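S.K.: Sharing upload.pdb, PDB, C-alpha atoms:
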ATOM      1  CA  MET A  17     -36.484  24.976  37.012
ATOM      2  CA  THR A  18     -34.588  28.206  37.358
ATOM      3  CA  GLY A  19     -31.682  26.927  39.423
ATOM      4  CA  PRO A  20     -28.156  27.829  38.418
ATOM      5  CA  GLY A  21     -27.606  24.261  37.211
ATOM      6  CA  ALA A  22     -30.203  24.624  34.452
ATOM      7  CA  LEU A  23     -28.642  27.655  32.792
ATOM      8  CA  PRO A  24     -25.468  26.303  31.156
ATOM      9  CA  ARG A  25     -27.423  23.636  29.334
ATOM     10  CA  THR A  26     -29.488  26.168  27.409
ATOM     11  CA  TYR A  27     -26.646  28.374  26.166
ATOM     12  CA  ARG A  28     -23.753  26.977  24.192
ATOM     13  CA  PRO A  29     -21.763  29.494  22.196
ATOM     14  CA  ARG A  30     -20.383  28.000  18.971
ATOM     15  CA  PRO A  31     -16.730  28.760  18.444
ATOM     16  CA  SER A  32     -15.818  30.448  15.165
ATOM     17  CA  ILE A  33     -15.023  28.146  12.272
ATOM     18  CA  TRP A  34     -11.591  29.835  12.219
ATOM     19  CA  TRP A  35     -10.769  28.795  15.805
ATOM     20  CA  TRP A  36      -7.464  27.305  14.660
ATOM     21  CA  VAL A  37      -5.825  30.445  13.214
ATOM     22  CA  ARG A  38      -5.631  32.273  16.534
ATOM     23  CA  LYS A  39      -2.895  30.226  18.122
ATOM     24  CA  ARG A  40       0.319  28.803  16.665
ATOM     25  CA  SER A  41      -0.175  25.361  18.198
ATOM     26  CA  TYR A  42      -3.749  25.153  16.857
ATOM     27  CA  LEU A  43      -2.568  26.203  13.406
ATOM     28  CA  LEU A  44       0.168  23.588  13.437
ATOM     29  CA  PHE A  45      -2.389  20.976  14.505
ATOM     30  CA  VAL A  46      -4.705  21.767  11.579
ATOM     31  CA  LEU A  47      -1.794  21.897   9.097
ATOM     32  CA  ARG A  48      -0.676  18.506  10.387
ATOM     33  CA  GLU A  49      -4.161  17.091   9.879
ATOM     34  CA  LEU A  50      -4.295  18.611   6.378
ATOM     35  CA  SER A  51      -1.076  16.766   5.501
ATOM     36  CA  SER A  52      -3.331  13.724   5.035
ATOM     37  CA  VAL A  53      -4.622  15.268   1.791
ATOM     38  CA  PHE A  54      -1.067  15.246   0.442
ATOM     39  CA  VAL A  55      -0.575  11.657   1.598
ATOM     40  CA  ALA A  56      -3.482  10.827  -0.741
ATOM     41  CA  TRP A  57      -1.804  12.920  -3.467
ATOM     42  CA  PHE A  58       1.409  10.930  -2.977
ATOM     43  CA  VAL A  59      -0.559   7.729  -3.688
ATOM     44  CA  ALA A  60      -2.103   9.242  -6.837
ATOM     45  CA  LEU A  61       1.293  10.385  -8.126
ATOM     46  CA  THR A  62       2.870   7.002  -7.407
ATOM     47  CA  LEU A  63       0.123   5.205  -9.326
ATOM     48  CA  ALA A  64       0.402   7.683 -12.219
ATOM     49  CA  LEU A  65       4.138   6.994 -12.426
ATOM     50  CA  VAL A  66       3.734   3.207 -12.382
ATOM     51  CA  TRP A  67       0.940   3.361 -14.965
ATOM     52  CA  SER A  68       2.878   5.674 -17.300
ATOM     53  CA  VAL A  69       6.166   3.782 -17.088
ATOM     54  CA  GLU A  70       4.334   0.550 -17.869
ATOM     55  CA  ARG A  71       2.736   2.107 -20.986
ATOM     56  CA  GLY A  72       6.132   2.783 -22.490
ATOM     57  CA  ALA A  73       8.824   5.437 -22.868
ATOM     58  CA  GLU A  74       6.537   7.818 -24.736
ATOM     59  CA  GLN A  75       3.845   7.852 -22.035
ATOM     60  CA  TYR A  76       6.531   8.252 -19.367
ATOM     61  CA  GLU A  77       7.930  11.314 -21.163
ATOM     62  CA  ARG A  78       4.399  12.708 -21.449
ATOM     63  CA  LEU A  79       3.915  12.383 -17.677
ATOM     64  CA  LEU A  80       7.234  14.135 -16.989
ATOM     65  CA  ASP A  81       6.161  16.855 -19.401
ATOM     66  CA  VAL A  82       2.868  17.412 -17.561
ATOM     67  CA  LEU A  83       4.609  17.350 -14.182
ATOM     68  CA  SER A  84       7.196  19.930 -15.231
ATOM     69  CA  ASN A  85       4.665  22.714 -15.841
ATOM     70  CA  PRO A  86       4.858  25.470 -13.195
ATOM     71  CA  PHE A  87       1.500  24.650 -11.561
ATOM     72  CA  ALA A  88       2.400  21.005 -11.083
ATOM     73  CA  VAL A  89       5.830  21.961  -9.724
ATOM     74  CA  ALA A  90       4.289  24.448  -7.276
ATOM     75  CA  LEU A  91       1.757  21.837  -6.157
ATOM     76  CA  ASN A  92       4.508  19.293  -5.590
ATOM     77  CA  VAL A  93       6.682  21.746  -3.657
ATOM     78  CA  VAL A  94       3.728  22.375  -1.320
ATOM     79  CA  ALA A  95       3.023  18.642  -1.180
ATOM     80  CA  LEU A  96       6.638  17.858  -0.241
ATOM     81  CA  ALA A  97       6.522  20.471   2.542
ATOM     82  CA  PHE A  98       3.330  18.924   3.953
ATOM     83  CA  LEU A  99       4.728  15.397   3.689
ATOM     84  CA  LEU A 100       7.851  16.465   5.591
ATOM     85  CA  LEU A 101       5.600  18.078   8.209
ATOM     86  CA  HIS A 102       3.827  14.726   8.473
ATOM     87  CA  THR A 103       7.140  12.884   8.868
ATOM     88  CA  ILE A 104       8.470  15.283  11.525
ATOM     89  CA  THR A 105       5.264  15.322  13.587
ATOM     90  CA  TRP A 106       4.773  11.557  13.233
ATOM     91  CA  PHE A 107       8.321  10.730  14.365
ATOM     92  CA  ASN A 108       8.037  13.124  17.314
ATOM     93  CA  LEU A 109       4.743  11.582  18.364
ATOM     94  CA  THR A 110       5.891   7.955  18.289
ATOM     95  CA  PRO A 111       7.740   7.887  21.660
ATOM     96  CA  LYS A 112       4.661   9.435  23.280
ATOM     97  CA  ALA A 113       2.175   7.045  21.687
ATOM     98  CA  MET A 114       4.372   3.966  22.076
ATOM     99  CA  PRO A 115       6.971   4.082  24.870
ATOM    100  CA  ILE A 116       9.564   1.321  24.412
ATOM    101  CA  ARG A 117      11.190  -0.516  27.301
ATOM    102  CA  LEU A 118      14.495  -2.295  26.840
ATOM    103  CA  PHE A 119      16.227  -4.331  29.580
ATOM    104  CA  GLY A 120      13.802  -2.916  32.127
ATOM    105  CA  ALA A 121      14.631   0.711  31.350
ATOM    106  CA  ARG A 122      12.622   3.138  29.282
ATOM    107  CA  VAL A 123      14.298   3.983  25.978
ATOM    108  CA  PRO A 124      14.781   7.772  25.916
ATOM    109  CA  PRO A 125      12.400   9.485  23.443
ATOM    110  CA  VAL A 126      15.357  11.118  21.670
ATOM    111  CA  ALA A 127      16.730   7.667  20.805
ATOM    112  CA  ILE A 128      13.382   6.563  19.326
ATOM    113  CA  VAL A 129      13.136   9.719  17.203
ATOM    114  CA  ALA A 130      16.771   9.323  16.070
ATOM    115  CA  ALA A 131      16.195   5.678  15.119
ATOM    116  CA  GLN A 132      13.244   6.681  12.962
ATOM    117  CA  TRP A 133      15.290   9.333  11.153
ATOM    118  CA  ALA A 134      17.984   6.715  10.537
ATOM    119  CA  ALA A 135      15.330   4.462   8.976
ATOM    120  CA  PHE A 136      14.070   7.426   6.933
ATOM    121  CA  ALA A 137      17.588   8.132   5.617
ATOM    122  CA  ALA A 138      18.205   4.468   4.785
ATOM    123  CA  VAL A 139      14.887   4.067   2.944
ATOM    124  CA  SER A 140      15.346   7.348   1.050
ATOM    125  CA  ALA A 141      18.864   6.387  -0.038
ATOM    126  CA  PHE A 142      17.668   2.929  -1.081
ATOM    127  CA  VAL A 143      14.756   4.286  -3.162
ATOM    128  CA  ILE A 144      17.000   6.835  -4.900
ATOM    129  CA  TRP A 145      19.579   4.137  -5.596
ATOM    130  CA  LEU A 146      16.828   1.894  -6.989
ATOM    131  CA  VAL A 147      15.546   4.605  -9.340
ATOM    132  CA  VAL A 148      18.881   6.027 -10.494
ATOM    133  CA  GLY A 149      20.390   2.545 -10.803
TER     134      GLY A 149
ATOM    135  CA  MET B  14     -20.529   7.346  17.504
ATOM    136  CA  PRO B  15     -21.490   4.995  14.651
ATOM    137  CA  HIS B  16     -19.527   1.806  13.905
ATOM    138  CA  ARG B  17     -17.858   1.848  17.263
ATOM    139  CA  SER B  18     -16.555  -1.691  16.850
ATOM    140  CA  ALA B  19     -14.720  -0.793  13.628
ATOM    141  CA  GLU B  20     -12.832   2.052  15.315
ATOM    142  CA  PRO B  21      -9.755   0.038  16.467
ATOM    143  CA  LEU B  22      -9.356  -1.338  12.938
ATOM    144  CA  ALA B  23      -9.554   2.160  11.464
ATOM    145  CA  TRP B  24      -6.978   3.340  13.965
ATOM    146  CA  LEU B  25      -4.652   0.433  13.144
ATOM    147  CA  ALA B  26      -4.793   1.289   9.424
ATOM    148  CA  PHE B  27      -4.312   4.950  10.308
ATOM    149  CA  SER B  28      -1.102   4.299  12.214
ATOM    150  CA  ALA B  29       0.271   1.752   9.726
ATOM    151  CA  GLY B  30      -0.313   4.241   6.928
ATOM    152  CA  GLY B  31       1.160   7.011   9.048
ATOM    153  CA  VAL B  32       4.425   5.142   9.540
ATOM    154  CA  LEU B  33       4.710   4.088   5.887
ATOM    155  CA  ALA B  34       3.863   7.573   4.609
ATOM    156  CA  ALA B  35       6.329   9.175   7.026
ATOM    157  CA  VAL B  36       9.160   6.963   5.768
ATOM    158  CA  PHE B  37       8.353   6.553   2.038
ATOM    159  CA  ALA B  38       6.282   9.525   0.885
ATOM    160  CA  PRO B  39       8.859  12.361   0.961
ATOM    161  CA  VAL B  40      11.475  10.560  -1.130
ATOM    162  CA  VAL B  41       8.922   9.248  -3.644
ATOM    163  CA  LEU B  42       7.302  12.669  -4.017
ATOM    164  CA  PHE B  43      10.732  14.293  -4.344
ATOM    165  CA  LEU B  44      11.656  11.903  -7.150
ATOM    166  CA  ALA B  45       8.352  11.618  -9.033
ATOM    167  CA  GLY B  46       7.156  15.175  -8.440
ATOM    168  CA  LEU B  47      10.344  17.223  -8.701
ATOM    169  CA  ALA B  48      13.648  15.498  -9.433
ATOM    170  CA  LEU B  49      12.545  13.452 -12.463
ATOM    171  CA  PRO B  50      10.222  16.016 -14.157
ATOM    172  CA  LEU B  51      12.728  18.847 -13.667
ATOM    173  CA  GLY B  52      15.642  16.732 -14.818
ATOM    174  CA  TRP B  53      17.659  17.024 -11.590
ATOM    175  CA  ILE B  54      18.286  13.345 -11.978
ATOM    176  CA  SER B  55      17.617  11.237 -15.025
ATOM    177  CA  ALA B  56      16.411   7.682 -14.953
ATOM    178  CA  ASP B  57      16.510   5.498 -18.025
ATOM    179  CA  HIS B  58      12.970   4.354 -18.927
ATOM    180  CA  ALA B  59      13.977   0.728 -19.449
ATOM    181  CA  HIS B  60      15.663   0.623 -16.048
ATOM    182  CA  LEU B  61      12.697   2.292 -14.342
ATOM    183  CA  ASP B  62      10.366  -0.178 -16.066
ATOM    184  CA  ASP B  63      12.452  -3.087 -14.736
ATOM    185  CA  VAL B  64      12.330  -1.746 -11.188
ATOM    186  CA  LEU B  65       8.638  -0.812 -11.213
ATOM    187  CA  SER B  66       7.371  -3.963 -12.906
ATOM    188  CA  HIS B  67       9.066  -6.303 -10.445
ATOM    189  CA  LEU B  68       6.450  -8.259  -8.457
ATOM    190  CA  LEU B  69       8.076  -7.383  -5.127
ATOM    191  CA  THR B  70       7.972  -3.653  -5.972
ATOM    192  CA  ARG B  71       4.296  -3.969  -6.890
ATOM    193  CA  ILE B  72       3.373  -5.759  -3.665
ATOM    194  CA  VAL B  73       5.286  -3.282  -1.493
ATOM    195  CA  LEU B  74       3.720  -0.340  -3.360
ATOM    196  CA  LEU B  75       0.232  -1.824  -2.983
ATOM    197  CA  GLY B  76       0.715  -2.180   0.775
ATOM    198  CA  ILE B  77       1.980   1.402   1.061
ATOM    199  CA  CYS B  78      -0.825   2.798  -1.126
ATOM    200  CA  VAL B  79      -3.674   1.023   0.689
ATOM    201  CA  ALA B  80      -2.360   1.873   4.172
ATOM    202  CA  ALA B  81      -1.671   5.484   3.156
ATOM    203  CA  LEU B  82      -5.191   5.854   1.735
ATOM    204  CA  PHE B  83      -6.790   4.631   4.968
ATOM    205  CA  HIS B  84      -4.472   6.922   6.919
ATOM    206  CA  PHE B  85      -5.787   9.791   4.786
ATOM    207  CA  ALA B  86      -9.415   8.699   5.265
ATOM    208  CA  HIS B  87      -9.135   8.522   9.045
ATOM    209  CA  ARG B  88      -7.299  11.783   9.510
ATOM    210  CA  PHE B  89      -9.299  13.761   6.979
ATOM    211  CA  ARG B  90     -12.498  12.515   8.595
ATOM    212  CA  TYR B  91     -11.491  14.132  11.876
ATOM    213  CA  THR B  92     -10.251  17.251  10.080
ATOM    214  CA  LEU B  93     -13.789  17.705   8.759
ATOM    215  CA  TYR B  94     -15.318  16.880  12.158
ATOM    216  CA  ASP B  95     -13.184  19.295  14.185
ATOM    217  CA  GLY B  96     -11.710  21.734  11.703
ATOM    218  CA  LEU B  97     -14.929  22.591   9.962
ATOM    219  CA  GLN B  98     -17.228  21.585  12.861
ATOM    220  CA  LEU B  99     -19.154  19.132  10.736
ATOM    221  CA  ALA B 100     -19.528  16.422  13.389
ATOM    222  CA  ARG B 101     -23.299  16.460  12.873
ATOM    223  CA  TYR B 102     -22.762  15.031   9.374
ATOM    224  CA  GLY B 103     -20.638  12.264  10.903
ATOM    225  CA  THR B 104     -22.214   9.331   9.083
ATOM    226  CA  VAL B 105     -21.949  10.915   5.632
ATOM    227  CA  ILE B 106     -18.359  12.020   6.252
ATOM    228  CA  THR B 107     -17.324   8.601   7.555
ATOM    229  CA  ALA B 108     -18.919   6.813   4.603
ATOM    230  CA  GLY B 109     -17.394   9.319   2.152
ATOM    231  CA  CYS B 110     -13.859   9.149   3.562
ATOM    232  CA  TYR B 111     -13.598   5.373   3.899
ATOM    233  CA  GLY B 112     -15.515   4.902   0.651
ATOM    234  CA  LEU B 113     -12.924   7.049  -1.105
ATOM    235  CA  ALA B 114     -10.122   5.022   0.485
ATOM    236  CA  MET B 115     -11.750   1.785  -0.706
ATOM    237  CA  LEU B 116     -12.176   3.098  -4.259
ATOM    238  CA  GLY B 117      -8.580   4.312  -4.231
ATOM    239  CA  SER B 118      -7.385   0.924  -2.983
ATOM    240  CA  ALA B 119      -9.285  -0.822  -5.767
ATOM    241  CA  ALA B 120      -7.715   1.553  -8.295
ATOM    242  CA  ALA B 121      -4.269   0.900  -6.784
ATOM    243  CA  ALA B 122      -4.797  -2.857  -7.007
ATOM    244  CA  ALA B 123      -5.922  -2.507 -10.635
ATOM    245  CA  VAL B 124      -2.915  -0.406 -11.622
ATOM    246  CA  LEU B 125      -0.385  -2.440  -9.666
ATOM    247  CA  LEU B 126      -1.593  -6.009 -10.154
ATOM    248  CA  LEU B 127      -3.446  -6.153 -13.504
ATOM    249  CA  ASN B 128      -1.674  -6.185 -16.879
ATOM    250  CA  ARG B 129       1.717  -6.766 -15.396
TER     251      ARG B 129
END
Transcribe the structure of this file into structure tokens.
M.R.:
Amino acid sequence: MTGPGALPRTYRPRPSIWWWVRKRSYLLFVLRELSSVFVAWFVALTLALVWSVERGAEQYERLLDVLSNPFAVALNVVALAFLLLHTITWFNLTPKAMPIRLFGARVPPVAIVAAQWAAFAAVSAFVIWLVVG
Amino acid sequence: MPHRSAEPLAWLAFSAGGVLAAVFAPVVLFLAGLALPLGWISADHAHLDDVLSHLLTRIVLLGICVAALFHFAHRFRYTLYDGLQLARYGTVITAGCYGLAMLGSAAAAAVLLLNR
């Protein structure tokens, strides 16, 4: 078999492992996927807070002390940026993944995105109110 | 692809966790990771204890934590597949990612539901 059809099957160049740094949209895609690591970090931090608060005022102060060192602060600044990237990309994707029809007409994507940001604002305000008291 | 029949379930958990993380994670991380440790806002320990030990808070937090962990597992699995071109280790990666999510969920349940 030496026909032209046989050739492509034998040669498959492997793309570089850094394929995603060459283009802005690829980079954004990989950063978005990496946001999942910080979603896991958010869970860990939440559990640490609940655990420490339950142990008493002293343990809670100790956690705040650990979290206020520069490395922890830097980590959490990066984490917050990634979590906001997750929120932005997730909200923008929703109208594409799940088009909503209302009274026979398609709800404009802008309205779906806006509704999600309204929910985000309401939940954020509620959580802050709950914590500050 | 292994475990083809479990794929819709994994995707359901992925999207549920995606929604919950998108809405809850930034404000919680802002408070627990920056605002409280740096003293931008101060919360009285007794008040915080009241809020966080309420059964409803615990149940909501457990739901968010479990869904968010499976969201992480699903997305990170494909990050390893595509980003690092490790699709040939698919079975190990899948087991590792979902295994981690299950362990994390068990830890979350222990912290949130035991010794209340």
S.K.: Kindly extract all protein, DNA and RNA residues lying within 12 Å of the coordinates (5.2, 20.1, -11.2) given in the file, considering all atoms listed in the file, and supply them as a short mmCIF file (atom, residue, chain, number, x, y, z; two decimals) with C-alpha atoms, keeping the file's coordinate frame.
M.R.:
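Contents of out_2.cif, as written:
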data_model
loop_
_atom_site.label_atom_id
_atom_site.label_comp_id
_atom_site.auth_asym_id
_atom_site.auth_seq_id
_atom_site.Cartn_x
_atom_site.Cartn_y
_atom_site.Cartn_z
CA LEU A 61 1.29 10.38 -8.13
CA LEU A 79 3.92 12.38 -17.68
CA LEU A 80 7.23 14.14 -16.99
CA ASP A 81 6.16 16.86 -19.40
CA VAL A 82 2.87 17.41 -17.56
CA LEU A 83 4.61 17.35 -14.18
CA SER A 84 7.20 19.93 -15.23
CA ASN A 85 4.66 22.71 -15.84
CA PRO A 86 4.86 25.47 -13.20
CA PHE A 87 1.50 24.65 -11.56
CA ALA A 88 2.40 21.00 -11.08
CA VAL A 89 5.83 21.96 -9.72
CA ALA A 90 4.29 24.45 -7.28
CA LEU A 91 1.76 21.84 -6.16
CA ASN A 92 4.51 19.29 -5.59
CA VAL A 93 6.68 21.75 -3.66
CA VAL A 94 3.73 22.38 -1.32
CA ALA A 95 3.02 18.64 -1.18
CA LEU A 96 6.64 17.86 -0.24
CA LEU B 42 7.30 12.67 -4.02
CA PHE B 43 10.73 14.29 -4.34
CA LEU B 44 11.66 11.90 -7.15
CA ALA B 45 8.35 11.62 -9.03
CA GLY B 46 7.16 15.18 -8.44
CA LEU B 47 10.34 17.22 -8.70
CA ALA B 48 13.65 15.50 -9.43
CA LEU B 49 12.54 13.45 -12.46
CA PRO B 50 10.22 16.02 -14.16
CA LEU B 51 12.73 18.85 -13.67
CA GLY B 52 15.64 16.73 -14.82
#
S.K.: Evaluating the ChimeraX specification (/B :<8) & /A on the displayed file yields which residues, as a PyMOL selection string?
M.R.: chain A and resi 33+36+46+49-50+52-53+55-56+58-59+61-63+65-67+69-70+72-73+76+80-81+83-84+88-89+92-93+95-96+99-100+102-104+106-107+135-136+139-140+143-144+146-149
S.K.: What does the distance from CA of Arg48 (chain A) to CA of Tyr94 (chain B) come to in Å, to one decimal?
M.R.: 14.8 Å
S.K.: What does the distance between CA of Ala127 (chain A) and CA of Leu101 (chain A) come to in Å, to one decimal place?
M.R.: 19.8 Å
S.K.: Grab the CA of Trp34 (chain A) to CA of Asn108 (chain A) distance for me, in Å with one decimal place.
M.R.: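 CA of Trp34 (chain A) sits 26.3 Å away from CA of Asn108 (chain A).
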